[in-house]
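K.L.:
The structure file input19.cif (mmCIF, C-alpha atoms) is provided below.
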```cif
data_start
loop_
_atom_site.label_atom_id
_atom_site.label_comp_id
_atom_site.auth_asym_id
_atom_site.auth_seq_id
_atom_site.Cartn_x
_atom_site.Cartn_y
_atom_site.Cartn_z
CA MET M 2 80.59 -39.98 -145.98
CA THR M 3 81.71 -39.62 -142.38
CA ALA M 4 81.99 -42.77 -140.31
CA ASP M 5 79.88 -43.06 -137.18
CA VAL M 6 81.60 -42.73 -133.84
CA PRO M 7 82.27 -46.24 -132.52
CA GLY M 8 81.07 -47.17 -129.07
CA LYS M 9 83.17 -48.61 -126.29
CA PRO M 10 85.57 -50.88 -128.17
CA ALA M 11 85.55 -54.55 -127.25
CA PHE M 12 88.94 -56.09 -126.63
CA PRO M 13 90.04 -57.31 -130.08
CA GLY M 14 92.42 -59.95 -128.79
CA ALA M 15 96.12 -59.34 -128.62
CA HIS M 16 99.29 -60.64 -130.14
CA THR M 17 101.44 -62.15 -127.38
CA LEU M 18 105.20 -61.73 -127.28
CA THR M 19 107.29 -63.49 -124.67
CA ALA M 20 110.63 -61.89 -123.88
CA PRO M 21 113.51 -64.37 -124.14
CA PRO M 22 115.47 -65.04 -120.92
CA SER M 23 118.43 -63.14 -122.36
CA TRP M 24 116.53 -59.84 -122.21
CA ARG M 25 117.54 -57.96 -119.07
CA CYS M 26 116.47 -54.48 -120.13
CA ILE M 27 113.65 -53.20 -122.39
CA ASP M 28 113.20 -49.60 -123.55
CA PHE M 29 109.84 -48.05 -124.49
CA ILE M 30 109.38 -44.79 -126.38
CA SER M 31 106.55 -43.17 -128.34
CA ASP M 32 105.33 -39.93 -129.86
CA ILE M 33 108.67 -38.84 -131.27
CA HIS M 34 106.82 -37.11 -134.13
CA LEU M 35 109.84 -37.12 -136.41
CA HIS M 36 109.81 -34.53 -139.17
CA GLU M 37 112.38 -32.25 -140.70
CA GLY M 38 111.22 -29.31 -138.56
CA LEU M 39 112.49 -31.04 -135.39
CA PRO M 40 116.21 -31.62 -136.08
CA HIS M 41 117.27 -31.67 -132.41
CA THR M 42 114.61 -34.25 -131.61
CA ALA M 43 115.78 -36.46 -134.47
CA ALA M 44 119.38 -36.11 -133.33
CA ALA M 45 118.42 -37.07 -129.76
CA LEU M 46 116.67 -40.19 -131.02
CA GLN M 47 119.70 -41.14 -133.03
CA ARG M 48 121.94 -40.77 -129.97
CA HIS M 49 119.63 -42.87 -127.83
CA LEU M 50 119.31 -45.62 -130.40
CA SER M 51 123.07 -45.81 -130.83
CA LEU M 52 123.95 -45.64 -127.12
CA SER M 53 121.12 -47.59 -125.50
CA THR M 54 122.13 -50.68 -123.54
CA ALA M 55 118.64 -52.16 -123.86
CA ASP M 56 118.19 -55.66 -125.23
CA ALA M 57 115.11 -54.52 -127.18
CA ILE M 58 113.46 -51.22 -128.06
CA PHE M 59 109.70 -50.79 -128.46
CA VAL M 60 108.21 -47.76 -130.22
CA LEU M 61 104.52 -47.49 -129.28
CA GLY M 62 103.27 -45.28 -132.07
CA ASP M 63 103.75 -41.88 -133.68
CA LEU M 64 107.38 -42.37 -134.54
CA PHE M 65 106.69 -39.93 -137.39
CA GLU M 66 104.63 -36.76 -137.35
CA ALA M 67 102.96 -37.90 -140.54
CA TRP M 68 103.31 -40.86 -142.88
CA VAL M 69 101.40 -40.86 -146.16
CA GLY M 70 102.63 -44.14 -147.63
CA ASP M 71 105.81 -46.15 -147.83
CA ASP M 72 106.94 -44.39 -151.02
CA MET M 73 107.61 -41.49 -148.63
CA ARG M 74 110.65 -43.41 -147.36
CA THR M 75 112.70 -42.15 -150.33
CA GLU M 76 112.25 -38.50 -149.36
CA PRO M 77 115.55 -37.06 -148.02
CA PHE M 78 114.62 -36.66 -144.34
CA GLU M 79 112.67 -39.90 -144.17
CA ALA M 80 115.48 -41.79 -145.90
CA ASP M 81 117.89 -40.54 -143.23
CA CYS M 82 115.47 -41.73 -140.54
CA LEU M 83 115.18 -45.13 -142.17
CA HIS M 84 118.98 -45.46 -142.18
CA MET M 85 119.07 -44.51 -138.48
CA LEU M 86 116.46 -47.14 -137.65
CA ARG M 87 118.20 -49.80 -139.73
CA GLN M 88 121.39 -49.28 -137.76
CA ALA M 89 119.46 -49.59 -134.50
CA ALA M 90 117.71 -52.77 -135.66
CA GLN M 91 121.06 -54.33 -136.51
CA ALA M 92 122.18 -53.89 -132.89
CA ARG M 93 119.06 -55.25 -131.14
CA PRO M 94 115.42 -56.12 -131.86
CA LEU M 95 113.39 -53.04 -132.77
CA PHE M 96 109.59 -53.21 -132.59
CA ILE M 97 107.39 -50.48 -134.08
CA MET M 98 103.66 -49.98 -133.47
CA VAL M 99 101.78 -47.52 -135.66
CA GLY M 100 100.04 -44.56 -134.06
CA ASN M 101 97.42 -42.03 -135.05
CA ARG M 102 99.97 -40.00 -137.01
CA ASP M 103 101.77 -42.78 -138.86
CA PHE M 104 99.14 -45.51 -139.22
CA LEU M 105 100.12 -45.95 -142.89
CA LEU M 106 103.57 -47.31 -142.05
CA GLY M 107 103.63 -50.51 -144.06
CA GLU M 108 105.53 -53.68 -144.82
CA ALA M 109 108.00 -52.02 -147.18
CA PHE M 110 109.11 -49.54 -144.53
CA MET M 111 109.42 -52.21 -141.83
CA ARG M 112 111.38 -54.46 -144.16
CA ASP M 113 113.81 -51.75 -145.23
CA CYS M 114 114.55 -50.57 -141.69
CA GLY M 115 114.73 -54.09 -140.24
CA ALA M 116 112.04 -53.48 -137.63
CA THR M 117 109.31 -55.87 -136.53
CA THR M 118 105.72 -54.66 -136.79
CA LEU M 119 104.11 -54.59 -133.36
CA PRO M 120 100.32 -55.09 -133.50
CA ASP M 121 98.09 -52.84 -131.42
CA PRO M 122 97.37 -54.30 -128.90
CA THR M 123 100.23 -56.62 -127.94
CA VAL M 124 100.79 -58.42 -124.64
CA LEU M 125 104.45 -58.53 -123.65
CA ALA M 126 105.34 -61.16 -121.08
CA ALA M 127 108.58 -60.28 -119.31
CA PHE M 128 110.13 -60.53 -115.85
CA GLY M 129 107.22 -62.59 -114.55
CA GLN M 130 104.57 -60.01 -115.53
CA ARG M 131 102.27 -59.28 -118.45
CA ALA M 132 102.07 -55.79 -119.95
CA LEU M 133 99.39 -54.69 -122.39
CA LEU M 134 101.03 -52.45 -124.99
CA VAL M 135 98.84 -50.02 -126.97
CA HIS M 136 99.32 -46.67 -128.62
CA GLY M 137 96.36 -45.41 -126.61
CA ASP M 138 94.29 -43.44 -129.10
CA GLU M 139 91.53 -46.05 -129.45
CA LEU M 140 90.89 -45.93 -125.70
CA CYS M 141 90.43 -42.14 -125.49
CA LEU M 142 86.66 -42.44 -125.68
CA ALA M 143 85.93 -38.79 -124.83
CA ASP M 144 87.70 -37.57 -127.98
CA THR M 145 84.71 -38.29 -130.20
CA ASP M 146 85.82 -36.09 -133.12
CA TYR M 147 89.09 -37.97 -133.37
CA LEU M 148 87.43 -41.38 -133.00
CA ARG M 149 85.09 -40.53 -135.88
CA PHE M 150 88.12 -39.62 -137.99
CA ARG M 151 89.96 -42.75 -136.89
CA ALA M 152 87.08 -45.01 -137.83
CA GLN M 153 87.10 -43.52 -141.31
CA VAL M 154 90.83 -43.59 -142.10
CA ARG M 155 91.39 -47.11 -140.76
CA GLN M 156 89.02 -48.50 -143.40
CA THR M 157 90.77 -50.40 -146.20
CA ALA M 158 88.76 -48.62 -148.89
CA TRP M 159 89.73 -45.17 -147.57
CA GLN M 160 93.41 -46.12 -147.42
CA GLN M 161 93.43 -47.58 -150.92
CA ALA M 162 91.79 -44.45 -152.32
CA PHE M 163 94.20 -42.18 -150.43
CA LEU M 164 97.30 -44.11 -151.49
CA ALA M 165 96.17 -43.96 -155.14
CA HIS M 166 96.90 -40.22 -155.18
CA PRO M 167 100.38 -38.94 -156.15
CA LEU M 168 102.84 -38.52 -153.28
CA ALA M 169 102.86 -34.72 -153.58
CA ALA M 170 99.08 -34.60 -153.24
CA ARG M 171 99.17 -36.88 -150.19
CA LEU M 172 101.85 -34.76 -148.54
CA ALA M 173 99.76 -31.63 -149.12
CA GLN M 174 96.71 -33.31 -147.60
CA ALA M 175 98.79 -34.44 -144.62
CA ARG M 176 99.84 -30.84 -143.99
CA GLN M 177 96.19 -29.79 -144.02
CA MET M 178 95.25 -32.62 -141.65
CA ARG M 179 98.11 -31.68 -139.33
CA ALA M 180 96.94 -28.07 -139.19
CA ALA M 181 93.40 -29.23 -138.39
CA SER M 182 94.75 -31.55 -135.70
CA GLN M 183 96.76 -28.75 -134.09
CA GLN M 184 93.66 -26.57 -134.02
CA HIS M 185 91.70 -29.43 -132.44
CA GLN M 186 94.40 -29.87 -129.78
CA GLN M 187 94.37 -26.14 -129.00
CA THR M 188 90.59 -26.21 -128.65
CA GLN M 189 90.80 -29.20 -126.31
CA ALA M 190 93.50 -27.56 -124.18
CA ALA M 191 91.43 -24.38 -123.87
CA THR M 192 88.29 -26.24 -122.81
CA ALA M 193 88.25 -29.60 -121.09
CA GLY M 194 91.86 -30.52 -121.72
CA TYR M 195 93.21 -33.44 -123.70
CA ALA M 196 91.21 -36.65 -123.60
CA ASP M 197 92.72 -39.45 -121.54
CA VAL M 198 92.41 -43.20 -121.77
CA ASP M 199 89.05 -44.35 -120.43
CA GLU M 200 89.78 -46.26 -117.23
CA ASP M 201 86.77 -48.59 -117.38
CA CYS M 202 87.58 -49.61 -120.93
CA ALA M 203 91.26 -50.04 -120.08
CA ARG M 204 90.29 -52.24 -117.13
CA ASP M 205 88.22 -54.46 -119.43
CA TRP M 206 91.09 -54.78 -121.89
CA MET M 207 93.64 -55.50 -119.16
CA GLN M 208 91.43 -58.18 -117.61
CA ALA M 209 90.80 -59.78 -121.00
CA ALA M 210 94.54 -59.80 -121.67
CA GLN M 211 95.31 -61.05 -118.15
CA ALA M 212 97.74 -58.15 -117.87
CA GLU M 213 98.48 -56.27 -114.67
CA LEU M 214 100.40 -53.55 -116.54
CA LEU M 215 99.32 -51.09 -119.22
CA ILE M 216 101.92 -49.18 -121.24
CA HIS M 217 100.82 -46.56 -123.76
CA GLY M 218 101.62 -43.25 -125.39
CA HIS M 219 99.41 -40.79 -127.31
CA THR M 220 98.22 -38.60 -124.42
CA HIS M 221 101.56 -36.84 -123.81
CA ARG M 222 101.07 -37.12 -120.03
CA PRO M 223 104.02 -39.17 -118.77
CA ALA M 224 103.21 -40.84 -115.47
CA SER M 225 103.23 -44.16 -113.64
CA GLU M 226 100.15 -44.75 -111.51
CA ALA M 227 97.51 -47.18 -110.31
CA PHE M 228 94.98 -47.56 -113.09
CA GLY M 229 92.41 -50.06 -114.32
CA GLY M 230 92.94 -52.38 -111.40
CA GLY M 231 96.68 -52.54 -112.12
CA THR M 232 99.44 -50.09 -113.01
CA ARG M 233 99.83 -48.01 -116.10
CA HIS M 234 102.92 -46.32 -117.47
CA VAL M 235 102.27 -43.42 -119.85
CA LEU M 236 105.11 -42.58 -122.21
CA SER M 237 106.45 -39.11 -122.88
CA ASP M 238 106.21 -37.33 -126.19
CA TRP M 239 109.50 -35.92 -127.52
CA ASP M 240 110.25 -32.31 -128.48
CA LEU M 241 113.73 -30.89 -128.05
CA ASP M 242 113.19 -28.07 -130.53
CA HIS M 243 110.51 -25.89 -128.89
CA GLY M 244 109.96 -24.42 -125.44
CA GLN M 245 110.53 -26.73 -122.51
CA PRO M 246 112.54 -29.74 -123.74
CA ARG M 247 110.91 -33.10 -123.10
CA ALA M 248 111.95 -36.60 -124.07
CA GLN M 249 111.85 -39.66 -121.85
CA VAL M 250 112.60 -43.33 -122.16
CA LEU M 251 110.72 -45.81 -119.99
CA ARG M 252 112.96 -48.73 -119.06
CA TRP M 253 111.71 -52.10 -117.78
CA GLN M 254 114.02 -54.42 -115.87
CA ALA M 255 113.49 -57.28 -113.45
CA GLU M 256 113.64 -54.84 -110.53
CA GLY M 257 110.97 -52.57 -112.01
CA PHE M 258 110.48 -49.48 -114.16
CA SER M 259 112.55 -46.31 -114.41
CA ARG M 260 112.54 -43.20 -116.57
CA THR M 261 115.50 -41.54 -118.23
CA GLU M 262 115.54 -38.02 -119.65
CA VAL M 263 117.04 -37.81 -123.12
CA CYS M 264 118.92 -34.69 -124.14
#
```
Can the structure from this file be put into structure tokens for me?
P.N.:
Amino acid sequence: MTADVPGKPAFPGAHTLTAPPSWRCIDFISDIHLHEGLPHTAAALQRHLSLSTADAIFVLGDLFEAWVGDDMRTEPFEADCLHMLRQAAQARPLFIMVGNRDFLLGEAFMRDCGATTLPDPTVLAAFGQRALLVHGDELCLADTDYLRFRAQVRQTAWQQAFLAHPLAARLAQARQMRAASQQHQQTQAATAGYADVDEDCARDWMQAAQAELLIHGHTHRPASEAFGGGTRHVLSDWDLDHGQPRAQVLRWQAEGFSRTEVC
């Protein structure tokens, strides 16, 4: 049975994280979409994680292209990624929020890589400001097909039934879902374009969170602009394996925000 499309989502309340005074520099990334077909992208992430001078790194969803359960972490490519993340987490705090692609990242994965699970939404208080951190998919109200799918797969019963299948079967289903998603994205691009975060809904969430900043990924439209009565910073997706290379890090310091191209 297909879940009904939810209406305008009420602000669910947010976990609050206060940056310690020792943090002078915070990096934000999202939509890396790690999988074995993007080796240059994975290598770029590894370089950034090893060379970053940030005091903390926040991943705001879709670190992986697909994640079908934490038993996937023993697969060769995913095991290499876990090792890369563990090394990064040993150098500085690493926070990971799940996205629409990897919403099944669980406690076992976070434990083994040393990362801290970042709830969606989270309010980060730093440098005298409050930033609402979200992946962004829940606020794209115009993408009704996706929201119907999201409502279904975020149900505990659906996840339990899915995870009961053998890993090979789940991986095969993920490939089918990815192909359907790519077709959906192509259809969107050819018609009205990709759905964006609904500004009225974002304004409500920002006001409820008492946050003047909104930081999110998901839409693959990197920009910093006035939005929702405050300022939003949209994170870049990463792809250094196809066409025009793109990969950015958004950095937050006391003096403001800046973007760095990763290569």
K.L.:
On this structure, the PyMOL selection byres ((chain M and resi 37) around 10) would catch which residues? List them as a short mmCIF file (atom, residue, chain, number, x, y, z; two decimals) with C-alpha atoms, in the frame of the given file, sorted by chain and number.
P.N.:
```
data_model
loop_
_atom_site.label_atom_id
_atom_site.label_comp_id
_atom_site.auth_asym_id
_atom_site.auth_seq_id
_atom_site.Cartn_x
_atom_site.Cartn_y
_atom_site.Cartn_z
CA HIS M 34 106.82 -37.11 -134.13
CA LEU M 35 109.84 -37.12 -136.41
CA HIS M 36 109.81 -34.53 -139.17
CA GLY M 38 111.22 -29.31 -138.56
CA LEU M 39 112.49 -31.04 -135.39
CA PRO M 40 116.21 -31.62 -136.08
CA HIS M 41 117.27 -31.67 -132.41
CA THR M 42 114.61 -34.25 -131.61
CA ALA M 43 115.78 -36.46 -134.47
CA GLU M 66 104.63 -36.76 -137.35
CA PRO M 77 115.55 -37.06 -148.02
CA PHE M 78 114.62 -36.66 -144.34
CA GLU M 79 112.67 -39.90 -144.17
CA CYS M 82 115.47 -41.73 -140.54
#
```
K.L.:
Using the chain letters and numbers from this file, what does the PyMOL selection byres ((chain M and resi 119) around 9) select? Give the answer as a ChimeraX atom specification.
P.N.:
/M:16,59-61,96-99,117-118,120-123
K.L.:
In Å, with one decimal, what is the gap from CA of Cys26 (chain M) to CA of Trp239 (chain M)?
P.N.:
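Rounded to one decimal, the two atoms are 21.2 Å apart.
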K.L.:
Care to translate the PyMOL selection byres ((chain M and resi 201) around 12) into actual residues of this file, as a PyMOL selection string?
P.N.:
chain M and resi 9-11+140-142+197-200+202-208+228-231
K.L.:
Can you spit out the residues from that selection as an mmCIF file, in the coordinates of the input, using C-alpha atoms?
P.N.:
```cif
data_model
loop_
_atom_site.group_PDB
_atom_site.id
_atom_site.type_symbol
_atom_site.label_atom_id
_atom_site.label_comp_id
_atom_site.auth_asym_id
_atom_site.auth_seq_id
_atom_site.Cartn_x
_atom_site.Cartn_y
_atom_site.Cartn_z
ATOM 1 C CA LYS M 9 83.170 -48.610 -126.290
ATOM 2 C CA PRO M 10 85.570 -50.880 -128.170
ATOM 3 C CA ALA M 11 85.550 -54.550 -127.250
ATOM 4 C CA LEU M 140 90.890 -45.930 -125.700
ATOM 5 C CA CYS M 141 90.430 -42.140 -125.490
ATOM 6 C CA LEU M 142 86.660 -42.440 -125.680
ATOM 7 C CA ASP M 197 92.720 -39.450 -121.540
ATOM 8 C CA VAL M 198 92.410 -43.200 -121.770
ATOM 9 C CA ASP M 199 89.050 -44.350 -120.430
ATOM 10 C CA GLU M 200 89.780 -46.260 -117.230
ATOM 11 C CA CYS M 202 87.580 -49.610 -120.930
ATOM 12 C CA ALA M 203 91.260 -50.040 -120.080
ATOM 13 C CA ARG M 204 90.290 -52.240 -117.130
ATOM 14 C CA ASP M 205 88.220 -54.460 -119.430
ATOM 15 C CA TRP M 206 91.090 -54.780 -121.890
ATOM 16 C CA MET M 207 93.640 -55.500 -119.160
ATOM 17 C CA GLN M 208 91.430 -58.180 -117.610
ATOM 18 C CA PHE M 228 94.980 -47.560 -113.090
ATOM 19 C CA GLY M 229 92.410 -50.060 -114.320
ATOM 20 C CA GLY M 230 92.940 -52.380 -111.400
ATOM 21 C CA GLY M 231 96.680 -52.540 -112.120
#
```
K.L.:
To one decimal in Å, tell me the separation between CA of Arg112 (chain M) and CA of Ala44 (chain M).
P.N.:
22.8 Å
K.L.:
Please determine, counting all atoms listed in the file, which residue among M:Arg179, M:His166, M:Arg131, M:Arg247 has the shortest atom-to-atom distance to Thr232 (chain M).
P.N.:
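Among the listed residues, M:Arg131 lies closest to Thr232 (chain M).
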K.L.:
If I take CA of Ala55 (chain M) and CA of Glu262 (chain M), how far is one from the other in Å, to one decimal?
P.N.:
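These two atoms are separated by 15.1 Å.
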K.L.:
Give the answer as one residue: which of M:Ala158, M:Asp144, M:Leu164, M:Ala132 has the shortest atom-to-atom distance to Thr19 (chain M), using all atoms listed in the file?
P.N.:
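Selected residue with least distance to Thr19 (chain M): M:Ala132.
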K.L.:
Quick one: residues within 8 Å of Gly218 (chain M), only C-alpha atoms, excluding same-chain residues fewer than 3 positions away - as a VMD selection string?
P.N.:
chain M and resid 30 to 32 61 to 62 135 to 137 221 235 to 238
K.L.:
Since we have the selection now, will you write its residues out, keeping C-alpha atoms, as a PDB file, keeping the file's coordinate frame?
P.N.:
```
ATOM      1  CA  ILE M  30     109.380 -44.790-126.380  1.00  0.00           C
ATOM      2  CA  SER M  31     106.550 -43.170-128.340  1.00  0.00           C
ATOM      3  CA  ASP M  32     105.330 -39.930-129.860  1.00  0.00           C
ATOM      4  CA  LEU M  61     104.520 -47.490-129.280  1.00  0.00           C
ATOM      5  CA  GLY M  62     103.270 -45.280-132.070  1.00  0.00           C
ATOM      6  CA  VAL M 135      98.840 -50.020-126.970  1.00  0.00           C
ATOM      7  CA  HIS M 136      99.320 -46.670-128.620  1.00  0.00           C
ATOM      8  CA  GLY M 137      96.360 -45.410-126.610  1.00  0.00           C
ATOM      9  CA  HIS M 221     101.560 -36.840-123.810  1.00  0.00           C
ATOM     10  CA  VAL M 235     102.270 -43.420-119.850  1.00  0.00           C
ATOM     11  CA  LEU M 236     105.110 -42.580-122.210  1.00  0.00           C
ATOM     12  CA  SER M 237     106.450 -39.110-122.880  1.00  0.00           C
ATOM     13  CA  ASP M 238     106.210 -37.330-126.190  1.00  0.00           C
TER      14      ASP M 238
END
```
K.L.:
Can region 67-89 of chain M be brought up to N, CA, C and O atoms and written out as a CSV table (one decimal), in the frame of the given file?
P.N.:
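Resulting contents of result_29.csv:
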```
chain,number,residue,atom,x,y,z
M,67,ALA,N,103.9,-37.5,-139.5
M,67,ALA,CA,103.0,-37.9,-140.5
M,67,ALA,C,103.6,-38.9,-141.5
M,67,ALA,O,104.8,-38.8,-141.7
M,68,TRP,N,102.8,-39.9,-141.9
M,68,TRP,CA,103.3,-40.9,-142.9
M,68,TRP,C,102.2,-41.1,-143.9
M,68,TRP,O,101.1,-41.6,-143.5
M,69,VAL,N,102.5,-40.8,-145.1
M,69,VAL,CA,101.4,-40.9,-146.2
M,69,VAL,C,101.6,-42.0,-147.1
M,69,VAL,O,100.9,-42.0,-148.2
M,70,GLY,N,102.4,-43.0,-146.8
M,70,GLY,CA,102.6,-44.1,-147.6
M,70,GLY,C,104.1,-44.5,-147.7
M,70,GLY,O,105.0,-43.6,-147.5
M,71,ASP,N,104.4,-45.7,-147.9
M,71,ASP,CA,105.8,-46.2,-147.8
M,71,ASP,C,106.7,-45.6,-148.9
M,71,ASP,O,107.9,-45.6,-148.8
M,72,ASP,N,106.1,-45.1,-150.0
M,72,ASP,CA,106.9,-44.4,-151.0
M,72,ASP,C,107.6,-43.1,-150.5
M,72,ASP,O,108.5,-42.6,-151.0
M,73,MET,N,107.1,-42.7,-149.3
M,73,MET,CA,107.6,-41.5,-148.6
M,73,MET,C,109.0,-41.8,-148.1
M,73,MET,O,109.8,-40.8,-147.8
M,74,ARG,N,109.4,-43.1,-148.0
M,74,ARG,CA,110.6,-43.4,-147.4
M,74,ARG,C,111.8,-43.0,-148.2
M,74,ARG,O,113.0,-43.1,-147.8
M,75,THR,N,111.6,-42.6,-149.5
M,75,THR,CA,112.7,-42.2,-150.3
M,75,THR,C,112.9,-40.7,-150.3
M,75,THR,O,113.9,-40.1,-150.8
M,76,GLU,N,112.0,-39.9,-149.6
M,76,GLU,CA,112.2,-38.5,-149.4
M,76,GLU,C,113.5,-38.3,-148.5
M,76,GLU,O,113.8,-39.1,-147.7
M,77,PRO,N,114.2,-37.2,-148.7
M,77,PRO,CA,115.6,-37.1,-148.0
M,77,PRO,C,115.5,-37.2,-146.5
M,77,PRO,O,116.3,-38.0,-146.0
M,78,PHE,N,114.6,-36.5,-145.8
M,78,PHE,CA,114.6,-36.7,-144.3
M,78,PHE,C,114.2,-38.1,-143.9
M,78,PHE,O,114.8,-38.7,-143.0
M,79,GLU,N,113.2,-38.6,-144.5
M,79,GLU,CA,112.7,-39.9,-144.2
M,79,GLU,C,113.7,-41.0,-144.5
M,79,GLU,O,113.8,-42.0,-143.8
M,80,ALA,N,114.4,-40.8,-145.6
M,80,ALA,CA,115.5,-41.8,-145.9
M,80,ALA,C,116.6,-41.8,-144.8
M,80,ALA,O,117.1,-42.9,-144.5
M,81,ASP,N,116.9,-40.6,-144.3
M,81,ASP,CA,117.9,-40.5,-143.2
M,81,ASP,C,117.4,-41.2,-142.0
M,81,ASP,O,118.1,-41.9,-141.3
M,82,CYS,N,116.1,-41.1,-141.7
M,82,CYS,CA,115.5,-41.7,-140.5
M,82,CYS,C,115.5,-43.2,-140.7
M,82,CYS,O,115.8,-44.0,-139.8
M,83,LEU,N,115.2,-43.7,-141.9
M,83,LEU,CA,115.2,-45.1,-142.2
M,83,LEU,C,116.6,-45.7,-141.9
M,83,LEU,O,116.7,-46.8,-141.4
M,84,HIS,N,117.6,-45.0,-142.4
M,84,HIS,CA,119.0,-45.5,-142.2
M,84,HIS,C,119.3,-45.5,-140.7
M,84,HIS,O,119.9,-46.5,-140.2
M,85,MET,N,118.9,-44.5,-139.9
M,85,MET,CA,119.1,-44.5,-138.5
M,85,MET,C,118.4,-45.7,-137.8
M,85,MET,O,119.0,-46.4,-137.0
M,86,LEU,N,117.2,-46.0,-138.2
M,86,LEU,CA,116.5,-47.1,-137.6
M,86,LEU,C,117.1,-48.5,-138.1
M,86,LEU,O,117.1,-49.4,-137.3
M,87,ARG,N,117.6,-48.6,-139.3
M,87,ARG,CA,118.2,-49.8,-139.7
M,87,ARG,C,119.4,-50.1,-138.9
M,87,ARG,O,119.7,-51.2,-138.5
M,88,GLN,N,120.2,-49.1,-138.6
M,88,GLN,CA,121.4,-49.3,-137.8
M,88,GLN,C,121.0,-49.7,-136.4
M,88,GLN,O,121.6,-50.6,-135.8
M,89,ALA,N,119.9,-49.2,-135.8
M,89,ALA,CA,119.5,-49.6,-134.5
M,89,ALA,C,119.0,-51.0,-134.5
M,89,ALA,O,119.2,-51.8,-133.6
```
